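*Asks:* Structure incoming, see below.
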Amino acid sequence: MELVGNPSSVHTEGRAAKAMMERARRQVAEALGAQAADVVFVSGATEAAALAMSGRDLSVAGVEHDAVLAWGTEDLAVSREGAVEVPEPARACVQVANSETGVLQDLPDGLAVSDWTQGFGKIPLAFDWSGVEMAFVSAHKIGGPKGVGALVMKRGLDVEARIKGGGQEMGRRHGTENLIGIAGFGAAAEAAAQDLAAGAWAGVEKLRNILEKTLEDAAQSTIFVGKGSDRLPNTSMFITEGWKGETQVMAMDLAGFAVSAGSACSSGKVKASGVLRAMGYTEDQAACALRVSLGPENTEGQVMAFCDAWLAARAKKLAR
């Protein structure tokens, strides 16, 4: 925050700012298994999706984030377990992991674009070996600042800048770079890579499994979405028919737990999950879903306290 130089300036202060930005670019690239020259800094995954997908006729599935659905043609089939069928990878955008269910996709070679926002930092990813042409991520999903992200591109590819001006970011995203956000992104990427290598998320997966088994044993009618698929280690989404997700969110909030009924990117609105509808669940079932996300800082005691609070709220609901 003390660096006053513009990274595009050639004086001493500008060069210091440029050095910090390029260090962050290397940190993000290393965490993604990519080359620093292939990383383009943007304001977040939403802008990166627009940069990668605009002007292209790409197929997407209904389980994608709204930022992807806005630019694609929704014509890819999705199984009940969340697997996406991709007949033409070169004309498709497919996420590596779903933000609501945690379901992981087996990405086909030659895939045009992939949303890596949710998987970044939680599962091993190597862009250079993935066979994906473009991928994008967001800093805040790995504990970095909000409002900064990156598009990673296979060497030799290019995109047309949607924001034009001074030619920054190799002419792909013009405008003075958000140096503070980018520096924080780099630090977060390095820390996330270290946590992943140290096995931090294996511990989180154990907590997630404890949570699901505890609830499943006590509430056998509850449906755990995507449980038969490979999933992110931290995500659990479950449906309790007849109990609205927004009601559950409020009950858990009062008990001191921050959970959700779907994606957190709907401007504070609570609505039925479009992801579940795409997977074949009914509108009523989708409206009764709750998503719980865990992190390395959580403890088994917190998980059990959540289970106690949720089961108590469920018992109160059933008693009415």
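Chain labels follow the order of the structure tokens: the first chain is A, the next B, and so on; residue numbering restarts at 1 in every chain, and ligands are counted from 1 in their shown order.
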Would you pick out the contacts of stretch 70-74 of chain A at 12 Å or less, using only C-alpha atoms, so that residues sharing its chain but fewer than 2 positions from it are not included, and give the list as a ChimeraX atom specification?
*Replies:* /A:46-68,76-78,84,86,91-94,112-113,278
*Asks:* May I have the residues from that selection written out with C-alpha atoms, as an mmCIF file, in the first residue's frame?
*Replies:*
```cif
data_model
loop_
_atom_site.group_PDB
_atom_site.id
_atom_site.type_symbol
_atom_site.label_atom_id
_atom_site.label_comp_id
_atom_site.auth_asym_id
_atom_site.auth_seq_id
_atom_site.Cartn_x
_atom_site.Cartn_y
_atom_site.Cartn_z
ATOM 1 C CA THR A 46 -16.914 -12.577 -13.838
ATOM 2 C CA GLU A 47 -14.808 -10.262 -15.989
ATOM 3 C CA ALA A 48 -12.500 -13.125 -16.941
ATOM 4 C CA ALA A 49 -15.482 -15.179 -18.144
ATOM 5 C CA ALA A 50 -16.628 -12.267 -20.319
ATOM 6 C CA LEU A 51 -13.126 -11.803 -21.711
ATOM 7 C CA ALA A 52 -12.742 -15.496 -22.544
ATOM 8 C CA MET A 53 -16.262 -16.158 -23.855
ATOM 9 C CA SER A 54 -17.569 -13.013 -25.542
ATOM 10 C CA GLY A 55 -17.908 -13.228 -29.306
ATOM 11 C CA ARG A 56 -17.723 -17.026 -29.240
ATOM 12 C CA ASP A 57 -20.506 -19.595 -29.585
ATOM 13 C CA LEU A 58 -19.710 -21.843 -26.615
ATOM 14 C CA SER A 59 -21.927 -24.560 -25.164
ATOM 15 C CA VAL A 60 -22.477 -24.649 -21.401
ATOM 16 C CA ALA A 61 -24.501 -26.647 -18.884
ATOM 17 C CA GLY A 62 -27.121 -25.337 -16.481
ATOM 18 C CA VAL A 63 -24.838 -26.061 -13.514
ATOM 19 C CA GLU A 64 -22.450 -23.253 -14.499
ATOM 20 C CA HIS A 65 -22.165 -19.953 -12.645
ATOM 21 C CA ASP A 66 -24.332 -17.091 -13.908
ATOM 22 C CA ALA A 67 -21.202 -15.331 -15.199
ATOM 23 C CA VAL A 68 -20.697 -18.238 -17.601
ATOM 24 C CA LEU A 76 -25.007 -29.508 -22.462
ATOM 25 C CA ALA A 77 -26.722 -32.380 -20.637
ATOM 26 C CA VAL A 78 -26.174 -32.939 -16.902
ATOM 27 C CA VAL A 84 -21.666 -32.809 -17.704
ATOM 28 C CA VAL A 86 -19.226 -32.552 -23.516
ATOM 29 C CA ARG A 91 -16.831 -25.379 -28.434
ATOM 30 C CA ALA A 92 -17.592 -25.639 -24.731
ATOM 31 C CA CYS A 93 -16.992 -24.033 -21.349
ATOM 32 C CA VAL A 94 -17.100 -26.435 -18.385
ATOM 33 C CA ALA A 112 -12.113 -24.153 -24.914
ATOM 34 C CA VAL A 113 -12.720 -22.513 -21.522
ATOM 35 C CA ALA A 278 -30.278 -28.589 -14.148
#
```
*Asks:* For stretch 25-27 of chain A, find every residue with an atom within 7 Å (counting only C-alpha atoms), except residues of its own chain fewer than 3 positions away, and show them as a list of chain:residue names.
*Replies:*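 The residues that qualify are A:Met21, A:Glu22, A:Glu30, A:Ala31, A:Ala36, A:Val39, A:Gly186, A:Ala189, A:Glu190.
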*Asks:* Pull N, CA, C and O atoms from the residues just selected and write them as a compact mmCIF listing (two decimals), in the first residue's frame.
*Replies:*
```txt
# COMPACT_ATOMS: atom_id res chain seq x y z
N MET A 21 4.06 -6.34 -8.95
CA MET A 21 2.99 -6.94 -9.76
C MET A 21 3.49 -8.21 -10.45
O MET A 21 2.78 -9.23 -10.47
N GLU A 22 4.70 -8.18 -10.98
CA GLU A 22 5.21 -9.36 -11.68
C GLU A 22 5.55 -10.48 -10.71
O GLU A 22 5.44 -11.66 -11.06
N GLU A 30 2.45 -20.07 -10.59
CA GLU A 30 2.97 -21.28 -9.96
C GLU A 30 1.87 -22.07 -9.26
O GLU A 30 1.84 -23.31 -9.32
N ALA A 31 0.95 -21.37 -8.61
CA ALA A 31 -0.15 -22.05 -7.92
C ALA A 31 -1.09 -22.73 -8.90
O ALA A 31 -1.75 -23.72 -8.56
N ALA A 36 3.96 -17.55 -16.10
CA ALA A 36 3.61 -16.20 -15.69
C ALA A 36 3.14 -15.35 -16.87
O ALA A 36 2.20 -14.55 -16.73
N VAL A 39 -0.70 -15.34 -17.65
CA VAL A 39 -1.66 -14.89 -16.64
C VAL A 39 -2.03 -13.44 -16.89
O VAL A 39 -1.16 -12.56 -16.95
N GLY A 186 -1.41 -12.56 -5.15
CA GLY A 186 -0.19 -13.36 -5.22
C GLY A 186 0.15 -14.02 -3.90
O GLY A 186 0.49 -15.21 -3.85
N ALA A 189 -2.27 -16.82 -3.25
CA ALA A 189 -2.01 -17.97 -4.12
C ALA A 189 -0.85 -18.80 -3.58
O ALA A 189 -0.90 -20.04 -3.56
N GLU A 190 0.20 -18.13 -3.13
CA GLU A 190 1.35 -18.84 -2.58
C GLU A 190 0.96 -19.60 -1.31
O GLU A 190 1.32 -20.76 -1.12
```
*Asks:* Would you list the contacts of A:Thr240 as a count of residues only, taking every protein, DNA or RNA residue within 9 Å and counting only C-alpha atoms, but skipping same-chain residues closer than 3 positions in sequence?
*Replies:* 11
*Asks:* Using only C-alpha atoms, which residues sit within 12 Å of A:Ala197 once same-chain residues fewer than 3 positions away are excluded, as a VMD selection string?
*Replies:* chain A and resid 31 121 to 125 190 to 194 200 to 202
*Asks:* Atom CA of A:Leu311 and atom CA of A:Thr235 are how many Å apart?
*Replies:*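 We find that atom CA of A:Leu311 and atom CA of A:Thr235 lie 18.7 Å from each other.
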*Asks:* Tell me, as a PyMOL selection string, which residues lie within 12 Å of A:Lys18, counting only C-alpha atoms; anything in the same chain fewer than 2 positions away does not count.
*Replies:* chain A and resi 3-16+20-25+168-169+176-180+182-183
*Asks:* Those same residues - N, CA and C atoms - I'd like them written as an mmCIF file, in the first residue's frame.
*Replies:*
```cif
data_model
loop_
_atom_site.group_PDB
_atom_site.id
_atom_site.type_symbol
_atom_site.label_atom_id
_atom_site.label_comp_id
_atom_site.auth_asym_id
_atom_site.auth_seq_id
_atom_site.Cartn_x
_atom_site.Cartn_y
_atom_site.Cartn_z
ATOM 1 N N LEU A 3 3.518 1.700 -1.867
ATOM 2 C CA LEU A 3 4.086 1.964 -3.185
ATOM 3 C C LEU A 3 3.161 2.918 -3.947
ATOM 4 N N VAL A 4 3.713 4.076 -4.337
ATOM 5 C CA VAL A 4 2.883 5.087 -4.993
ATOM 6 C C VAL A 4 3.011 5.040 -6.509
ATOM 7 N N GLY A 5 3.947 4.258 -7.025
ATOM 8 C CA GLY A 5 4.191 4.244 -8.457
ATOM 9 C C GLY A 5 3.148 3.500 -9.255
ATOM 10 N N ASN A 6 3.011 3.903 -10.513
ATOM 11 C CA ASN A 6 2.160 3.210 -11.472
ATOM 12 C C ASN A 6 3.015 2.145 -12.168
ATOM 13 N N PRO A 7 2.557 0.887 -12.216
ATOM 14 C CA PRO A 7 3.377 -0.171 -12.825
ATOM 15 C C PRO A 7 3.773 0.098 -14.274
ATOM 16 N N SER A 8 3.080 1.005 -14.954
ATOM 17 C CA SER A 8 3.393 1.299 -16.345
ATOM 18 C C SER A 8 4.441 2.402 -16.493
ATOM 19 N N SER A 9 4.804 3.034 -15.390
ATOM 20 C CA SER A 9 5.790 4.119 -15.441
ATOM 21 C C SER A 9 7.210 3.565 -15.397
ATOM 22 N N VAL A 10 8.153 4.297 -15.995
ATOM 23 C CA VAL A 10 9.529 3.801 -16.092
ATOM 24 C C VAL A 10 10.435 4.361 -15.000
ATOM 25 N N HIS A 11 9.963 5.282 -14.179
ATOM 26 C CA HIS A 11 10.805 5.826 -13.112
ATOM 27 C C HIS A 11 10.945 4.810 -11.970
ATOM 28 N N THR A 12 11.747 5.147 -10.989
ATOM 29 C CA THR A 12 12.069 4.200 -9.915
ATOM 30 C C THR A 12 10.820 3.694 -9.204
ATOM 31 N N GLU A 13 9.910 4.605 -8.883
ATOM 32 C CA GLU A 13 8.692 4.195 -8.180
ATOM 33 C C GLU A 13 7.835 3.272 -9.046
ATOM 34 N N GLY A 14 7.763 3.586 -10.348
ATOM 35 C CA GLY A 14 6.993 2.742 -11.263
ATOM 36 C C GLY A 14 7.600 1.356 -11.403
ATOM 37 N N ARG A 15 8.930 1.300 -11.459
ATOM 38 C CA ARG A 15 9.590 0.001 -11.578
ATOM 39 C C ARG A 15 9.384 -0.845 -10.331
ATOM 40 N N ALA A 16 9.344 -0.218 -9.160
ATOM 41 C CA ALA A 16 9.093 -0.958 -7.913
ATOM 42 C C ALA A 16 7.685 -1.548 -7.915
ATOM 43 N N MET A 20 6.595 -5.615 -8.023
ATOM 44 C CA MET A 20 5.649 -6.261 -7.118
ATOM 45 C C MET A 20 4.552 -6.973 -7.903
ATOM 46 N N MET A 21 4.058 -6.340 -8.954
ATOM 47 C CA MET A 21 2.994 -6.939 -9.757
ATOM 48 C C MET A 21 3.486 -8.215 -10.449
ATOM 49 N N GLU A 22 4.699 -8.177 -10.977
ATOM 50 C CA GLU A 22 5.214 -9.356 -11.678
ATOM 51 C C GLU A 22 5.545 -10.485 -10.707
ATOM 52 N N ARG A 23 5.920 -10.152 -9.496
ATOM 53 C CA ARG A 23 6.104 -11.192 -8.478
ATOM 54 C C ARG A 23 4.780 -11.903 -8.203
ATOM 55 N N ALA A 24 3.722 -11.113 -8.075
ATOM 56 C CA ALA A 24 2.397 -11.702 -7.845
ATOM 57 C C ALA A 24 1.968 -12.557 -9.034
ATOM 58 N N ARG A 25 2.308 -12.113 -10.239
ATOM 59 C CA ARG A 25 1.943 -12.886 -11.427
ATOM 60 C C ARG A 25 2.621 -14.263 -11.384
ATOM 61 N N GLN A 168 -2.456 -2.044 -21.084
ATOM 62 C CA GLN A 168 -1.915 -2.866 -20.000
ATOM 63 C C GLN A 168 -2.289 -4.346 -20.180
ATOM 64 N N GLU A 169 -1.641 -5.180 -19.382
ATOM 65 C CA GLU A 169 -1.860 -6.631 -19.411
ATOM 66 C C GLU A 169 -1.695 -7.200 -20.823
ATOM 67 N N THR A 176 -5.170 0.930 -15.580
ATOM 68 C CA THR A 176 -4.174 0.788 -14.522
ATOM 69 C C THR A 176 -4.513 -0.389 -13.618
ATOM 70 N N GLU A 177 -3.520 -1.221 -13.390
ATOM 71 C CA GLU A 177 -3.754 -2.445 -12.612
ATOM 72 C C GLU A 177 -4.027 -2.151 -11.138
ATOM 73 N N ASN A 178 -4.829 -3.000 -10.529
ATOM 74 C CA ASN A 178 -5.155 -2.914 -9.104
ATOM 75 C C ASN A 178 -3.986 -3.519 -8.321
ATOM 76 N N LEU A 179 -2.951 -2.712 -8.102
ATOM 77 C CA LEU A 179 -1.706 -3.237 -7.549
ATOM 78 C C LEU A 179 -1.888 -3.868 -6.169
ATOM 79 N N ILE A 180 -2.653 -3.210 -5.300
ATOM 80 C CA ILE A 180 -2.854 -3.744 -3.953
ATOM 81 C C ILE A 180 -3.582 -5.085 -4.015
ATOM 82 N N ILE A 182 -3.736 -7.149 -6.593
ATOM 83 C CA ILE A 182 -2.895 -8.136 -7.262
ATOM 84 C C ILE A 182 -1.833 -8.674 -6.314
ATOM 85 N N ALA A 183 -1.219 -7.793 -5.520
ATOM 86 C CA ALA A 183 -0.213 -8.238 -4.555
ATOM 87 C C ALA A 183 -0.830 -9.183 -3.529
#
```
*Asks:* Go through stretch 18-255 of chain A and collect every residue that DSSP, computed from the backbone, puts in strand (DSSP E or B); the answer should be as number ranges by chain.
*Replies:* A: 39-42, 59-61, 73-76, 78, 84, 92-93, 97, 103-104, 113-115, 134-138, 149-153, 223-224, 231, 235-239
*Asks:* For each of A:Met304, A:Met1, A:Ala188, A:Leu69, take the minimum atom-to-atom distance to A:Gly144, counting only C-alpha atoms, then give the residue where this is smallest.
*Replies:* A:Ala188
*Asks:* Using only C-alpha atoms, find the one residue out of A:Gly262, A:Gly119, A:Gly203, A:Gly175 that sits nearest to A:Arg231.
*Replies:*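 That would be A:Gly119, the residue with the smallest distance to A:Arg231.
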*Asks:* Give me, please, the distance in Å between atom CA of A:Trp310 and atom CA of A:Pro233, quoted to one decimal.
*Replies:*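 Result for atom CA of A:Trp310 versus atom CA of A:Pro233: 20.7 Å, one decimal.
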*Asks:* Nearest to A:Thr117 among A:Ala90, A:Gly171, A:Gly44, A:Gly181, with distances taken over only C-alpha atoms: which residue is it?
*Replies:*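 The closest residue to A:Thr117 is A:Gly44.
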*Asks:* Can you list, as number ranges by chain, all residues belonging to stretch 35-245 of chain A that DSSP tags as alpha helix (DSSP H)?
*Replies:* A: 45-53, 66-69, 127-130, 179-197, 200-218, 245
*Asks:* Quick one: residues within 8 Å of stretch 128-131 of chain A, only C-alpha atoms counted, chain neighbours fewer than 3 positions away excluded, as a list in words?
*Replies:*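 Non-adjacent residues within range: Gly33, Ala34, Gln35, Leu107, Pro108, Asp109, Gly110, Leu111, Leu125 and Lys154 of chain A.
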*Asks:* Measuring atom to atom with only C-alpha atoms, identify which of A:Lys317, A:His174, A:Lys227, A:Lys146 is nearest to A:Glu160.
*Replies:* A:His174
